[in-house]
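To be precise, the following lines are coords.json, and they hold JSON, N, CA and C atoms and all ligand atoms.
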```
[["chain", "number", "residue", "atom", "x", "y", "z"],
["I", 1, "MET", "N", 75.38, 173.30, 193.27],
["I", 1, "MET", "CA", 76.66, 173.58, 192.61],
["I", 1, "MET", "C", 76.81, 172.65, 191.40],
["I", 2, "SER", "N", 77.02, 173.22, 190.24],
["I", 2, "SER", "CA", 77.16, 172.35, 189.07],
["I", 2, "SER", "C", 78.55, 171.74, 189.02],
["I", 3, "GLU", "N", 78.63, 170.67, 188.28],
["I", 3, "GLU", "CA", 79.88, 169.93, 188.21],
["I", 3, "GLU", "C", 80.21, 169.67, 186.75],
["I", 4, "ILE", "N", 81.43, 169.88, 186.38],
["I", 4, "ILE", "CA", 81.83, 169.64, 185.00],
["I", 4, "ILE", "C", 82.28, 168.19, 184.86],
["I", 5, "LEU", "N", 81.62, 167.47, 183.95],
["I", 5, "LEU", "CA", 82.01, 166.08, 183.70],
["I", 5, "LEU", "C", 83.07, 166.05, 182.60],
["I", 6, "THR", "N", 84.21, 165.55, 182.92],
["I", 6, "THR", "CA", 85.25, 165.40, 181.91],
["I", 6, "THR", "C", 85.32, 163.94, 181.49],
["I", 7, "ASP", "N", 86.12, 163.65, 180.47],
["I", 7, "ASP", "CA", 86.31, 162.27, 180.02],
["I", 7, "ASP", "C", 86.78, 161.37, 181.16],
["I", 8, "ASN", "N", 87.47, 161.95, 182.13],
["I", 8, "ASN", "CA", 88.01, 161.14, 183.22],
["I", 8, "ASN", "C", 86.94, 160.55, 184.12],
["I", 9, "ASN", "N", 85.72, 161.10, 184.06],
["I", 9, "ASN", "CA", 84.63, 160.57, 184.87],
["I", 9, "ASN", "C", 83.97, 159.35, 184.23],
["I", 10, "ASN", "N", 84.38, 159.03, 182.99],
["I", 10, "ASN", "CA", 83.69, 157.96, 182.30],
["I", 10, "ASN", "C", 84.14, 156.58, 182.77],
["I", 11, "LYS", "N", 83.16, 155.81, 183.16],
["I", 11, "LYS", "CA", 83.39, 154.41, 183.56],
["I", 11, "LYS", "C", 83.26, 153.51, 182.34],
["I", 12, "VAL", "N", 82.27, 153.86, 181.52],
["I", 12, "VAL", "CA", 81.95, 153.04, 180.35],
["I", 12, "VAL", "C", 82.01, 153.91, 179.10],
["I", 13, "HIS", "N", 82.59, 153.37, 178.04],
["I", 13, "HIS", "CA", 82.65, 154.07, 176.76],
["I", 13, "HIS", "C", 82.22, 153.09, 175.68],
["I", 14, "VAL", "N", 81.20, 153.44, 174.96],
["I", 14, "VAL", "CA", 80.68, 152.58, 173.89],
["I", 14, "VAL", "C", 80.85, 153.31, 172.56],
["I", 15, "GLU", "N", 81.41, 152.61, 171.58],
["I", 15, "GLU", "CA", 81.75, 153.27, 170.32],
["I", 15, "GLU", "C", 81.32, 152.42, 169.13],
["I", 16, "ASN", "N", 80.54, 153.04, 168.27],
["I", 16, "ASN", "CA", 80.12, 152.40, 166.99],
["I", 16, "ASN", "C", 79.65, 150.97, 167.21],
["I", 17, "MET", "N", 78.80, 150.78, 168.18],
["I", 17, "MET", "CA", 78.38, 149.44, 168.55],
["I", 17, "MET", "C", 77.08, 149.05, 167.83],
["I", 18, "ASN", "N", 77.13, 147.88, 167.20],
["I", 18, "ASN", "CA", 75.96, 147.28, 166.56],
["I", 18, "ASN", "C", 75.76, 145.91, 167.18],
["I", 19, "PHE", "N", 74.49, 145.53, 167.34],
["I", 19, "PHE", "CA", 74.23, 144.23, 167.95],
["I", 19, "PHE", "C", 73.14, 143.51, 167.16],
["I", 20, "TYR", "N", 73.34, 142.21, 166.97],
["I", 20, "TYR", "CA", 72.43, 141.40, 166.15],
["I", 20, "TYR", "C", 71.97, 140.15, 166.88],
["I", 21, "TYR", "N", 70.66, 139.86, 166.79],
["I", 21, "TYR", "CA", 70.13, 138.54, 167.11],
["I", 21, "TYR", "C", 69.99, 137.81, 165.79],
["I", 22, "GLY", "N", 70.91, 136.93, 165.46],
["I", 22, "GLY", "CA", 70.89, 136.31, 164.14],
["I", 22, "GLY", "C", 71.02, 137.36, 163.07],
["I", 23, "ASN", "N", 70.09, 137.38, 162.12],
["I", 23, "ASN", "CA", 70.13, 138.37, 161.04],
["I", 23, "ASN", "C", 69.42, 139.66, 161.39],
["I", 24, "VAL", "N", 68.81, 139.69, 162.57],
["I", 24, "VAL", "CA", 68.03, 140.86, 162.96],
["I", 24, "VAL", "C", 68.89, 141.79, 163.81],
["I", 25, "GLN", "N", 69.07, 143.01, 163.31],
["I", 25, "GLN", "CA", 69.86, 143.99, 164.06],
["I", 25, "GLN", "C", 68.99, 144.65, 165.12],
["I", 26, "ALA", "N", 69.46, 144.64, 166.37],
["I", 26, "ALA", "CA", 68.67, 145.20, 167.48],
["I", 26, "ALA", "C", 69.22, 146.55, 167.95],
["I", 27, "LEU", "N", 70.54, 146.73, 167.85],
["I", 27, "LEU", "CA", 71.14, 148.01, 168.25],
["I", 27, "LEU", "C", 71.93, 148.57, 167.07],
["I", 28, "PHE", "N", 71.77, 149.88, 166.85],
["I", 28, "PHE", "CA", 72.33, 150.52, 165.66],
["I", 28, "PHE", "C", 73.30, 151.63, 166.05],
["I", 29, "ASP", "N", 74.57, 151.40, 165.77],
["I", 29, "ASP", "CA", 75.62, 152.41, 165.89],
["I", 29, "ASP", "C", 75.51, 153.22, 167.19],
["I", 30, "ILE", "N", 75.64, 152.52, 168.30],
["I", 30, "ILE", "CA", 75.54, 153.16, 169.61],
["I", 30, "ILE", "C", 76.87, 153.80, 169.99],
["I", 31, "ASN", "N", 76.83, 155.08, 170.32],
["I", 31, "ASN", "CA", 78.00, 155.80, 170.85],
["I", 31, "ASN", "C", 77.56, 156.46, 172.15],
["I", 32, "MET", "N", 78.25, 156.10, 173.24],
["I", 32, "MET", "CA", 77.79, 156.61, 174.53],
["I", 32, "MET", "C", 78.91, 156.53, 175.57],
["I", 33, "ASP", "N", 78.95, 157.53, 176.43],
["I", 33, "ASP", "CA", 79.81, 157.49, 177.61],
["I", 33, "ASP", "C", 78.92, 157.47, 178.84],
["I", 34, "ILE", "N", 79.32, 156.66, 179.82],
["I", 34, "ILE", "CA", 78.57, 156.58, 181.07],
["I", 34, "ILE", "C", 79.51, 156.95, 182.21],
["I", 35, "ALA", "N", 79.13, 157.97, 182.96],
["I", 35, "ALA", "CA", 79.98, 158.49, 184.03],
["I", 35, "ALA", "C", 79.98, 157.57, 185.24],
["I", 36, "GLU", "N", 81.09, 157.59, 185.96],
["I", 36, "GLU", "CA", 81.20, 156.83, 187.19],
["I", 36, "GLU", "C", 80.46, 157.54, 188.32],
["I", 37, "LYS", "N", 79.82, 156.75, 189.18],
["I", 37, "LYS", "CA", 79.15, 157.26, 190.38],
["I", 37, "LYS", "C", 78.09, 158.33, 190.08],
["I", 38, "LYS", "N", 77.43, 158.13, 188.93],
["I", 38, "LYS", "CA", 76.28, 158.97, 188.58],
["I", 38, "LYS", "C", 75.14, 158.03, 188.22],
["I", 39, "VAL", "N", 73.94, 158.53, 188.35],
["I", 39, "VAL", "CA", 72.78, 157.74, 187.94],
["I", 39, "VAL", "C", 72.54, 157.96, 186.45],
["I", 40, "THR", "N", 72.49, 156.86, 185.70],
["I", 40, "THR", "CA", 72.18, 156.93, 184.27],
["I", 40, "THR", "C", 70.96, 156.06, 184.02],
["I", 41, "ALA", "N", 69.95, 156.62, 183.35],
["I", 41, "ALA", "CA", 68.72, 155.89, 183.08],
["I", 41, "ALA", "C", 68.54, 155.67, 181.59],
["I", 42, "PHE", "N", 67.97, 154.53, 181.23],
["I", 42, "PHE", "CA", 67.61, 154.24, 179.84],
["I", 42, "PHE", "C", 66.10, 154.23, 179.74],
["I", 43, "ILE", "N", 65.58, 155.09, 178.90],
["I", 43, "ILE", "CA", 64.14, 155.24, 178.77],
["I", 43, "ILE", "C", 63.76, 155.06, 177.31],
["I", 44, "GLY", "N", 62.75, 154.24, 177.07],
["I", 44, "GLY", "CA", 62.29, 154.07, 175.69],
["I", 44, "GLY", "C", 61.20, 153.02, 175.65],
["I", 45, "PRO", "N", 60.50, 152.93, 174.52],
["I", 45, "PRO", "CA", 59.37, 152.00, 174.40],
["I", 45, "PRO", "C", 59.82, 150.54, 174.46],
["I", 46, "SER", "N", 58.87, 149.68, 174.75],
["I", 46, "SER", "CA", 59.15, 148.24, 174.81],
["I", 46, "SER", "C", 59.74, 147.77, 173.49],
["I", 47, "GLY", "N", 60.85, 147.04, 173.59],
["I", 47, "GLY", "CA", 61.47, 146.48, 172.39],
["I", 47, "GLY", "C", 62.49, 147.39, 171.74],
["I", 48, "CYS", "N", 62.76, 148.55, 172.33],
["I", 48, "CYS", "CA", 63.70, 149.47, 171.68],
["I", 48, "CYS", "C", 65.16, 149.06, 171.91],
["I", 49, "GLY", "N", 65.40, 148.15, 172.88],
["I", 49, "GLY", "CA", 66.76, 147.64, 173.05],
["I", 49, "GLY", "C", 67.43, 147.97, 174.37],
["I", 50, "LYS", "N", 66.68, 148.43, 175.34],
["I", 50, "LYS", "CA", 67.27, 148.80, 176.64],
["I", 50, "LYS", "C", 67.97, 147.60, 177.29],
["I", 51, "SER", "N", 67.25, 146.48, 177.39],
["I", 51, "SER", "CA", 67.82, 145.30, 178.04],
["I", 51, "SER", "C", 68.98, 144.74, 177.22],
["I", 52, "THR", "N", 68.83, 144.74, 175.92],
["I", 52, "THR", "CA", 69.91, 144.26, 175.05],
["I", 52, "THR", "C", 71.16, 145.08, 175.26],
["I", 53, "PHE", "N", 70.99, 146.40, 175.34],
["I", 53, "PHE", "CA", 72.15, 147.26, 175.56],
["I", 53, "PHE", "C", 72.80, 146.97, 176.92],
["I", 54, "LEU", "N", 71.99, 146.86, 177.97],
["I", 54, "LEU", "CA", 72.55, 146.58, 179.31],
["I", 54, "LEU", "C", 73.32, 145.26, 179.30],
["I", 55, "ARG", "N", 72.78, 144.27, 178.56],
["I", 55, "ARG", "CA", 73.47, 142.97, 178.51],
["I", 55, "ARG", "C", 74.78, 143.03, 177.74],
["I", 56, "THR", "N", 74.95, 144.06, 176.89],
["I", 56, "THR", "CA", 76.26, 144.19, 176.23],
["I", 56, "THR", "C", 77.32, 144.64, 177.23],
["I", 57, "LEU", "N", 76.89, 145.29, 178.33],
["I", 57, "LEU", "CA", 77.85, 145.81, 179.30],
["I", 57, "LEU", "C", 78.35, 144.74, 180.26],
["I", 58, "ASN", "N", 77.54, 143.72, 180.50],
["I", 58, "ASN", "CA", 78.02, 142.63, 181.38],
["I", 58, "ASN", "C", 78.19, 141.31, 180.61],
["I", 59, "ARG", "N", 78.09, 141.40, 179.30],
["I", 59, "ARG", "CA", 78.30, 140.27, 178.38],
["I", 59, "ARG", "C", 77.32, 139.13, 178.59],
["I", 60, "MET", "N", 76.15, 139.45, 179.12],
["I", 60, "MET", "CA", 75.16, 138.39, 179.28],
["I", 60, "MET", "C", 74.49, 138.03, 177.96],
["I", 61, "ASN", "N", 74.70, 138.85, 176.90],
["I", 61, "ASN", "CA", 74.22, 138.43, 175.58],
["I", 61, "ASN", "C", 75.01, 137.25, 175.04],
["I", 62, "ASP", "N", 76.21, 137.05, 175.59],
["I", 62, "ASP", "CA", 77.08, 135.97, 175.08],
["I", 62, "ASP", "C", 76.42, 134.60, 175.21],
["I", 63, "ILE", "N", 75.54, 134.46, 176.19],
["I", 63, "ILE", "CA", 74.94, 133.15, 176.42],
["I", 63, "ILE", "C", 73.68, 132.93, 175.58],
["I", 64, "ILE", "N", 73.33, 133.93, 174.74],
["I", 64, "ILE", "CA", 72.19, 133.77, 173.84],
["I", 64, "ILE", "C", 72.74, 133.34, 172.48],
["I", 65, "ASP", "N", 72.29, 132.18, 172.02],
["I", 65, "ASP", "CA", 72.79, 131.62, 170.75],
["I", 65, "ASP", "C", 72.51, 132.57, 169.59],
["I", 66, "GLY", "N", 73.48, 132.65, 168.69],
["I", 66, "GLY", "CA", 73.29, 133.37, 167.43],
["I", 66, "GLY", "C", 73.45, 134.87, 167.52],
["I", 67, "THR", "N", 73.92, 135.38, 168.66],
["I", 67, "THR", "CA", 74.08, 136.83, 168.76],
["I", 67, "THR", "C", 75.47, 137.24, 168.27],
["I", 68, "ARG", "N", 75.56, 138.48, 167.84],
["I", 68, "ARG", "CA", 76.83, 139.01, 167.34],
["I", 68, "ARG", "C", 76.91, 140.49, 167.69],
["I", 69, "ILE", "N", 78.11, 140.92, 168.05],
["I", 69, "ILE", "CA", 78.30, 142.34, 168.40],
["I", 69, "ILE", "C", 79.49, 142.90, 167.64],
["I", 70, "GLU", "N", 79.36, 144.16, 167.23],
["I", 70, "GLU", "CA", 80.46, 144.87, 166.56],
["I", 70, "GLU", "C", 80.73, 146.16, 167.34],
["I", 71, "GLY", "N", 81.94, 146.67, 167.22],
["I", 71, "GLY", "CA", 82.28, 147.95, 167.82],
["I", 71, "GLY", "C", 83.09, 147.76, 169.09],
["I", 72, "LYS", "N", 83.09, 148.81, 169.91],
["I", 72, "LYS", "CA", 83.89, 148.79, 171.13],
["I", 72, "LYS", "C", 83.01, 149.01, 172.35],
["I", 73, "VAL", "N", 83.29, 148.25, 173.41],
["I", 73, "VAL", "CA", 82.69, 148.50, 174.72],
["I", 73, "VAL", "C", 83.85, 148.53, 175.72],
["I", 74, "LEU", "N", 84.17, 149.72, 176.21],
["I", 74, "LEU", "CA", 85.29, 149.87, 177.14],
["I", 74, "LEU", "C", 84.77, 150.10, 178.56],
["I", 75, "ILE", "N", 85.34, 149.37, 179.50],
["I", 75, "ILE", "CA", 85.08, 149.63, 180.92],
["I", 75, "ILE", "C", 86.43, 149.88, 181.58],
["I", 76, "ASP", "N", 86.54, 151.02, 182.22],
["I", 76, "ASP", "CA", 87.83, 151.45, 182.78],
["I", 76, "ASP", "C", 88.93, 151.39, 181.72],
["I", 77, "GLY", "N", 88.55, 151.71, 180.49],
["I", 77, "GLY", "CA", 89.53, 151.79, 179.41],
["I", 77, "GLY", "C", 89.88, 150.48, 178.74],
["I", 78, "SER", "N", 89.35, 149.36, 179.27],
["I", 78, "SER", "CA", 89.65, 148.06, 178.66],
["I", 78, "SER", "C", 88.47, 147.61, 177.82],
["I", 79, "ASP", "N", 88.76, 147.14, 176.59],
["I", 79, "ASP", "CA", 87.69, 146.66, 175.72],
["I", 79, "ASP", "C", 87.25, 145.28, 176.19],
["I", 80, "ILE", "N", 86.04, 145.19, 176.70],
["I", 80, "ILE", "CA", 85.57, 143.92, 177.28],
["I", 80, "ILE", "C", 85.13, 142.93, 176.22],
["I", 81, "LEU", "N", 85.09, 143.37, 174.94],
["I", 81, "LEU", "CA", 84.72, 142.42, 173.88],
["I", 81, "LEU", "C", 85.92, 141.61, 173.45],
["I", 101, "LIG", "N1", 66.71, 136.52, 172.92],
["I", 101, "LIG", "C1", 66.28, 137.23, 171.87],
["I", 101, "LIG", "N2", 66.26, 136.70, 170.64],
["I", 101, "LIG", "C2", 65.85, 137.41, 169.57],
["I", 101, "LIG", "N3", 65.43, 138.70, 169.61],
["I", 101, "LIG", "C3", 65.42, 139.28, 170.82],
["I", 101, "LIG", "C4", 65.84, 138.60, 172.01],
["I", 101, "LIG", "N4", 65.73, 139.47, 173.06],
["I", 101, "LIG", "C5", 65.26, 140.61, 172.55],
["I", 101, "LIG", "N5", 65.07, 140.51, 171.21],
["I", 101, "LIG", "C6", 64.57, 141.57, 170.31],
["I", 101, "LIG", "O1", 65.49, 142.67, 170.38],
["I", 101, "LIG", "C7", 64.78, 143.92, 170.38],
["I", 101, "LIG", "C8", 65.13, 144.70, 171.65],
["I", 101, "LIG", "O2", 64.57, 144.00, 172.76],
["I", 101, "LIG", "P1", 64.89, 144.39, 174.27],
["I", 101, "LIG", "O3", 64.37, 143.26, 175.11],
["I", 101, "LIG", "O4", 66.32, 144.74, 174.40],
["I", 101, "LIG", "O5", 64.01, 145.70, 174.46],
["I", 101, "LIG", "P2", 63.63, 146.51, 175.79],
["I", 101, "LIG", "O6", 63.81, 147.96, 175.45],
["I", 101, "LIG", "O7", 64.39, 145.97, 176.96],
["I", 101, "LIG", "O8", 62.07, 146.19, 175.96],
["I", 101, "LIG", "P3", 61.18, 146.14, 177.32],
["I", 101, "LIG", "O9", 60.88, 147.58, 177.68],
["I", 101, "LIG", "O10", 59.94, 145.40, 176.89],
["I", 101, "LIG", "O11", 61.96, 145.42, 178.38],
["I", 101, "LIG", "C9", 63.30, 143.57, 170.24],
["I", 101, "LIG", "O12", 62.97, 143.62, 168.87],
["I", 101, "LIG", "C10", 63.23, 142.13, 170.76],
["I", 101, "LIG", "O13", 62.18, 141.42, 170.16],
["I", 102, "MG", "MG", 63.83, 145.12, 178.82]]
```
Kindly return the structure encoded in the file as structure tokens.
Amino acid sequence: MSEILTDNNNKVHVENMNFYYGNVQALFDINMDIAEKKVTAFIGPSGCGKSTFLRTLNRMNDIIDGTRIEGKVLIDGSDIL
């Protein structure tokens, strides 16, 4: 049985997000919704930014010196940045 995902299923909402290690930009204009209680996978070549993106969701990039983030990261509607 198929299921229609509406905006209400979104746990995470990422909007116009850019991320930098110093002067080097690692993530470019990320826009994404992640549904609650669904499996979401990130697939891509080594160095494409999967781990960097995941760390933007739990703010573990904050402990890396010289990093900077722009845009919005909402969890349950609250901007965690
Ligand atoms: N602490 C850091 N300081 C500077 N640059 C970093 C740092 N961590 C990652 N990078 C760079 O950011 C980019 C994205 O790396 P990231 O580790 O997020 O990729 P990944 O998709 O998780 O790769 P892998 O599949 O190897 O785990 C790469 O160019 C990487 O060299
Ligand atoms: Mg990784």
Please return, as a PyMOL selection string, all polymer residues that have at least one atom within 12 Å of the point (78.1, 150.6, 168.4); use only C-alpha atoms and the file's own coordinate frame. chain I and resi 13-20+25-33+53+56-57+68-74+81
Per residue of chain I within 8 Å of ligand LIG 101 (chain I), what are the shortest atom pair and its distance in Å to one decimal, counting all atoms listed in the file, with rows by chain and residue number, as a Markdown table?
```
| residue | atom | partner | partner_atom | distance |
| --- | --- | --- | --- | --- |
| I:Tyr20 | C | I:LIG101 | C2 | 7.2 |
| I:Tyr21 | CA | I:LIG101 | C2 | 5.1 |
| I:Gly22 | N | I:LIG101 | C2 | 6.5 |
| I:Val24 | C | I:LIG101 | N3 | 7.4 |
| I:Gln25 | C | I:LIG101 | O1 | 6.6 |
| I:Ala26 | CA | I:LIG101 | O1 | 5.0 |
| I:Leu27 | N | I:LIG101 | C7 | 6.9 |
| I:Phe42 | C | I:LIG101 | O6 | 7.9 |
| I:Ile43 | C | I:LIG101 | O6 | 7.3 |
| I:Gly44 | C | I:LIG101 | O6 | 5.7 |
| I:Pro45 | C | I:LIG101 | O9 | 4.5 |
| I:Ser46 | CA | I:LIG101 | O9 | 3.4 |
| I:Gly47 | N | I:LIG101 | O8 | 2.8 |
| I:Cys48 | N | I:LIG101 | O6 | 3.3 |
| I:Gly49 | N | I:LIG101 | O6 | 3.0 |
| I:Lys50 | N | I:LIG101 | O6 | 2.9 |
| I:Ser51 | N | I:LIG101 | O7 | 2.9 |
| I:Thr52 | N | I:LIG101 | O4 | 2.9 |
| I:Phe53 | N | I:LIG101 | O4 | 5.0 |
| I:Leu54 | N | I:LIG101 | O4 | 7.0 |
| I:Arg55 | N | I:LIG101 | O4 | 7.7 |
| I:Ile64 | CA | I:LIG101 | N1 | 6.2 |
| I:Asp65 | N | I:LIG101 | N1 | 7.1 |
```
Hey, can you check how far CA of Asp76 in chain I sits from atom C of Val12 in chain I?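 Pair CA of Asp76 in chain I / atom C of Val12 in chain I returns 7.3 Å.
We find atom N of Met60 in chain I and CA of Asn9 in chain I to be spaced 23.5 Å apart.
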Name the residues of chain I that fall into strand (DSSP E or B) according to DSSP on the backbone, using the chain letters and numbers of this document, as a PyMOL selection string. chain I and resi 10-21+24-35+67-75+78-79
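Between atom C of Asn10 in chain I and atom C of Asp62 in chain I the interatomic distance comes to 24.5 Å.
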Would you save range 36-55 of chain I from the block above with N, CA, C and O atoms, as a PDB file, in the first residue's frame?
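Written file, decode-v2.pdb:
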```
ATOM      1  N   GLU I  36       9.956  11.783   9.023  1.00  0.00           N
ATOM      2  CA  GLU I  36      10.045  11.109  10.309  1.00  0.00           C
ATOM      3  C   GLU I  36       9.723   9.622  10.140  1.00  0.00           C
ATOM      4  O   GLU I  36       8.863   9.248   9.345  1.00  0.00           O
ATOM      5  N   LYS I  37      10.443   8.787  10.888  1.00  0.00           N
ATOM      6  CA  LYS I  37      10.190   7.349  10.938  1.00  0.00           C
ATOM      7  C   LYS I  37      10.246   6.671   9.564  1.00  0.00           C
ATOM      8  O   LYS I  37       9.461   5.771   9.259  1.00  0.00           O
ATOM      9  N   LYS I  38      11.155   7.199   8.734  1.00  0.00           N
ATOM     10  CA  LYS I  38      11.451   6.569   7.444  1.00  0.00           C
ATOM     11  C   LYS I  38      12.960   6.403   7.365  1.00  0.00           C
ATOM     12  O   LYS I  38      13.705   7.138   8.016  1.00  0.00           O
ATOM     13  N   VAL I  39      13.379   5.466   6.554  1.00  0.00           N
ATOM     14  CA  VAL I  39      14.815   5.293   6.341  1.00  0.00           C
ATOM     15  C   VAL I  39      15.258   6.225   5.220  1.00  0.00           C
ATOM     16  O   VAL I  39      14.681   6.214   4.137  1.00  0.00           O
ATOM     17  N   THR I  40      16.255   7.050   5.513  1.00  0.00           N
ATOM     18  CA  THR I  40      16.836   7.936   4.504  1.00  0.00           C
ATOM     19  C   THR I  40      18.321   7.623   4.393  1.00  0.00           C
ATOM     20  O   THR I  40      19.010   7.560   5.402  1.00  0.00           O
ATOM     21  N   ALA I  41      18.799   7.391   3.181  1.00  0.00           N
ATOM     22  CA  ALA I  41      20.205   7.047   2.964  1.00  0.00           C
ATOM     23  C   ALA I  41      20.906   8.137   2.166  1.00  0.00           C
ATOM     24  O   ALA I  41      20.294   8.758   1.290  1.00  0.00           O
ATOM     25  N   PHE I  42      22.170   8.363   2.481  1.00  0.00           N
ATOM     26  CA  PHE I  42      23.012   9.283   1.714  1.00  0.00           C
ATOM     27  C   PHE I  42      24.052   8.459   0.987  1.00  0.00           C
ATOM     28  O   PHE I  42      24.818   7.718   1.619  1.00  0.00           O
ATOM     29  N   ILE I  43      24.056   8.574  -0.315  1.00  0.00           N
ATOM     30  CA  ILE I  43      24.950   7.772  -1.144  1.00  0.00           C
ATOM     31  C   ILE I  43      25.754   8.714  -2.036  1.00  0.00           C
ATOM     32  O   ILE I  43      25.194   9.626  -2.650  1.00  0.00           O
ATOM     33  N   GLY I  44      27.058   8.501  -2.077  1.00  0.00           N
ATOM     34  CA  GLY I  44      27.883   9.316  -2.962  1.00  0.00           C
ATOM     35  C   GLY I  44      29.347   8.972  -2.764  1.00  0.00           C
ATOM     36  O   GLY I  44      29.715   8.313  -1.793  1.00  0.00           O
ATOM     37  N   PRO I  45      30.203   9.439  -3.667  1.00  0.00           N
ATOM     38  CA  PRO I  45      31.627   9.097  -3.610  1.00  0.00           C
ATOM     39  C   PRO I  45      32.311   9.692  -2.383  1.00  0.00           C
ATOM     40  O   PRO I  45      31.819  10.649  -1.784  1.00  0.00           O
ATOM     41  N   SER I  46      33.451   9.121  -2.047  1.00  0.00           N
ATOM     42  CA  SER I  46      34.233   9.605  -0.914  1.00  0.00           C
ATOM     43  C   SER I  46      34.549  11.087  -1.095  1.00  0.00           C
ATOM     44  O   SER I  46      34.998  11.516  -2.161  1.00  0.00           O
ATOM     45  N   GLY I  47      34.277  11.861  -0.035  1.00  0.00           N
ATOM     46  CA  GLY I  47      34.594  13.285  -0.070  1.00  0.00           C
ATOM     47  C   GLY I  47      33.486  14.160  -0.607  1.00  0.00           C
ATOM     48  O   GLY I  47      33.653  15.379  -0.721  1.00  0.00           O
ATOM     49  N   CYS I  48      32.335  13.571  -0.935  1.00  0.00           N
ATOM     50  CA  CYS I  48      31.264  14.391  -1.521  1.00  0.00           C
ATOM     51  C   CYS I  48      30.507  15.184  -0.447  1.00  0.00           C
ATOM     52  O   CYS I  48      29.750  16.092  -0.791  1.00  0.00           O
ATOM     53  N   GLY I  49      30.688  14.828   0.838  1.00  0.00           N
ATOM     54  CA  GLY I  49      30.080  15.630   1.897  1.00  0.00           C
ATOM     55  C   GLY I  49      29.027  14.945   2.736  1.00  0.00           C
ATOM     56  O   GLY I  49      28.325  15.603   3.510  1.00  0.00           O
ATOM     57  N   LYS I  50      28.930  13.634   2.649  1.00  0.00           N
ATOM     58  CA  LYS I  50      27.903  12.909   3.416  1.00  0.00           C
ATOM     59  C   LYS I  50      28.076  13.132   4.918  1.00  0.00           C
ATOM     60  O   LYS I  50      27.126  13.475   5.625  1.00  0.00           O
ATOM     61  N   SER I  51      29.299  12.912   5.416  1.00  0.00           N
ATOM     62  CA  SER I  51      29.537  13.056   6.858  1.00  0.00           C
ATOM     63  C   SER I  51      29.388  14.512   7.284  1.00  0.00           C
ATOM     64  O   SER I  51      28.830  14.801   8.351  1.00  0.00           O
ATOM     65  N   THR I  52      29.863  15.417   6.464  1.00  0.00           N
ATOM     66  CA  THR I  52      29.728  16.848   6.771  1.00  0.00           C
ATOM     67  C   THR I  52      28.263  17.220   6.892  1.00  0.00           C
ATOM     68  O   THR I  52      27.863  17.922   7.832  1.00  0.00           O
ATOM     69  N   PHE I  53      27.454  16.717   5.966  1.00  0.00           N
ATOM     70  CA  PHE I  53      26.020  17.021   6.028  1.00  0.00           C
ATOM     71  C   PHE I  53      25.394  16.449   7.302  1.00  0.00           C
ATOM     72  O   PHE I  53      24.644  17.146   7.996  1.00  0.00           O
ATOM     73  N   LEU I  54      25.706  15.193   7.621  1.00  0.00           N
ATOM     74  CA  LEU I  54      25.133  14.579   8.835  1.00  0.00           C
ATOM     75  C   LEU I  54      25.529  15.379  10.075  1.00  0.00           C
ATOM     76  O   LEU I  54      24.722  15.562  10.990  1.00  0.00           O
ATOM     77  N   ARG I  55      26.780  15.876  10.088  1.00  0.00           N
ATOM     78  CA  ARG I  55      27.228  16.654  11.248  1.00  0.00           C
ATOM     79  C   ARG I  55      26.537  18.006  11.352  1.00  0.00           C
ATOM     80  O   ARG I  55      26.527  18.609  12.426  1.00  0.00           O
TER      81      ARG I  55
END
```
